[in-house]
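Undergrad: Can you keep this structure in mind? I'll have questions shortly.
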Amino acid sequence: MIAFAVLVLLQVTGVSALAASSGDKFIPADSAKTAPLPDYSTGAAVNALSRISNLSTVISDTSRETAAEYTIESGDSIFAISKSYDVKPETILWANYAILNDNPDLISVGDTLIIPPADGIYIKVKDGDTIDSLAAQYKSTPDKILYFPGNKMDVSNPKLEVGSYVMIPGGSREWQRTWLVPTYWRPSSGANKTITGQCEIADGGAYGSGAFVWPADSHMISGNDFWDGHLGIDIGAGLGANVYAADSGVVVYAGWISGGYGNMVMIDHGNGYHTVYGHLSSIQVRCGQSVYSGNVIGYAGSTGNSTGPHLHFEVRYFGAFINPHYVLP
């Protein structure tokens, strides 16, 4: 009955029985006809590079033969830059004495530094310099200078051109530190106080226990760690973060000071130890005041020579700098 009704419908509509379907398929009678397609053409050849997407930055491990230049950005440190270029931080300091004066905290945003191609001394040749004299002066060997590829020397007739730069691999020199702040002492310490600018401090006051606490809530190193060219640690304290006395003692300096420290507090703990807190945004203690372990003495900042907020923290023992990691818990 259903089949008969379909046949009648097809006849009424004029659709051929050949277009009838079986099941649920309907095939029009003119389905064998196809529309013409346009001719396909590849068009002109395109000269382009094909690359695979890769979100990872890969630093080449190929040894450099020539010096590079790097422009300081916000948040940079000599320690971090040296890691990026796989050279020691002192190598960068020695190559940029005119800008940094052997002080890693003197970097400023926008400064352009020379990054030597290898560890050692990268220096401009002066009149009278010879390979032998440079090797002796900077504690290297003539062969290291002669055969360093970047120096491009004729080994059969080596010459140094005045005004050119030469790499002295493995070379070193003495530090020329004129920027370190002196150690200030409390009365009855037995030290010879010939330093100008120290405030008057009464006898007595708090004494340290020798058990230090971290001077900030953050225990992360954000810039320079302790090394020969940086005699403290840079702690990743944000702008306005609390800065604490690392042990009890007497404040022997509180205020602005030159040398790149900015706003600085120094505490004499009365047991041979001093601690120094630099780049503070503000200071909450006064010179001569007794403070106790964990007291807030100021707030972290970026005063002085600094590329971003952090706390510069030093520990001195009888005037000598020691690694703060040795005494911090």
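Following the order of the structure tokens, chains are lettered A, B, ..., residues in each are numbered from 1, and ligands are numbered from 1.
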Would you pick out the contacts of segment 149-157 of chain A at 10 Å or less, using only C-alpha atoms, so that residues sharing its chain but fewer than 6 positions from it are not included, and give the list as a PyMOL selection string?

TA: chain A and resi 64-67+117-118+143+164-168

Undergrad: Using only C-alpha atoms, can you tell me which of A:Ser172, A:Ser218, A:Ser74, A:Ser108 comes closest to Thr91 of chain A?

TA: A:Ser172

Undergrad: Name the residues of segment 76-151 of chain A that fall into alpha helix (DSSP H) according to DSSP on the backbone, using the chain letters and numbers of this document, as a PyMOL selection string.

TA: chain A and resi 78-85+89-95+97-100+131-137+142-146

Undergrad: Would you save the residues from that selection as an mmCIF file, in the first residue's frame, using C-alpha atoms?

TA:
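Below you can see result_25.cif, which holds the result:
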data_model
loop_
_atom_site.group_PDB
_atom_site.id
_atom_site.type_symbol
_atom_site.label_atom_id
_atom_site.label_comp_id
_atom_site.auth_asym_id
_atom_site.auth_seq_id
_atom_site.Cartn_x
_atom_site.Cartn_y
_atom_site.Cartn_z
ATOM 1 C CA ILE A 78 75.677 41.061 36.854
ATOM 2 C CA PHE A 79 75.300 37.611 38.386
ATOM 3 C CA ALA A 80 72.311 36.718 36.178
ATOM 4 C CA ILE A 81 73.860 38.228 33.040
ATOM 5 C CA SER A 82 77.042 36.215 33.576
ATOM 6 C CA LYS A 83 75.019 33.001 33.736
ATOM 7 C CA SER A 84 73.243 33.857 30.485
ATOM 8 C CA TYR A 85 76.567 34.319 28.690
ATOM 9 C CA PRO A 89 80.653 37.719 36.857
ATOM 10 C CA GLU A 90 84.086 39.161 37.575
ATOM 11 C CA THR A 91 84.918 38.835 33.873
ATOM 12 C CA ILE A 92 82.100 41.279 33.103
ATOM 13 C CA LEU A 93 83.114 43.650 35.906
ATOM 14 C CA TRP A 94 86.751 43.737 34.802
ATOM 15 C CA ALA A 95 85.737 44.489 31.192
ATOM 16 C CA TYR A 97 85.556 49.180 34.917
ATOM 17 C CA ALA A 98 84.905 52.603 33.361
ATOM 18 C CA ILE A 99 81.173 52.134 33.990
ATOM 19 C CA LEU A 100 81.020 49.901 37.067
ATOM 20 C CA ILE A 131 101.848 39.675 24.572
ATOM 21 C CA ASP A 132 104.432 38.803 27.222
ATOM 22 C CA SER A 133 103.775 41.909 29.312
ATOM 23 C CA LEU A 134 99.990 41.451 29.264
ATOM 24 C CA ALA A 135 100.310 37.784 30.165
ATOM 25 C CA ALA A 136 102.544 38.640 33.135
ATOM 26 C CA GLN A 137 100.415 41.592 34.291
ATOM 27 C CA PRO A 142 101.504 34.193 26.198
ATOM 28 C CA ASP A 143 100.267 31.042 24.463
ATOM 29 C CA LYS A 144 96.720 31.529 25.751
ATOM 30 C CA ILE A 145 96.665 35.010 24.233
ATOM 31 C CA LEU A 146 98.379 33.959 21.031
#

Undergrad: Any chance you could list, as a count of residues only, the residues in segment 150-313 of chain A that come up strand (DSSP E) when DSSP is run on the backbone?

TA: 46
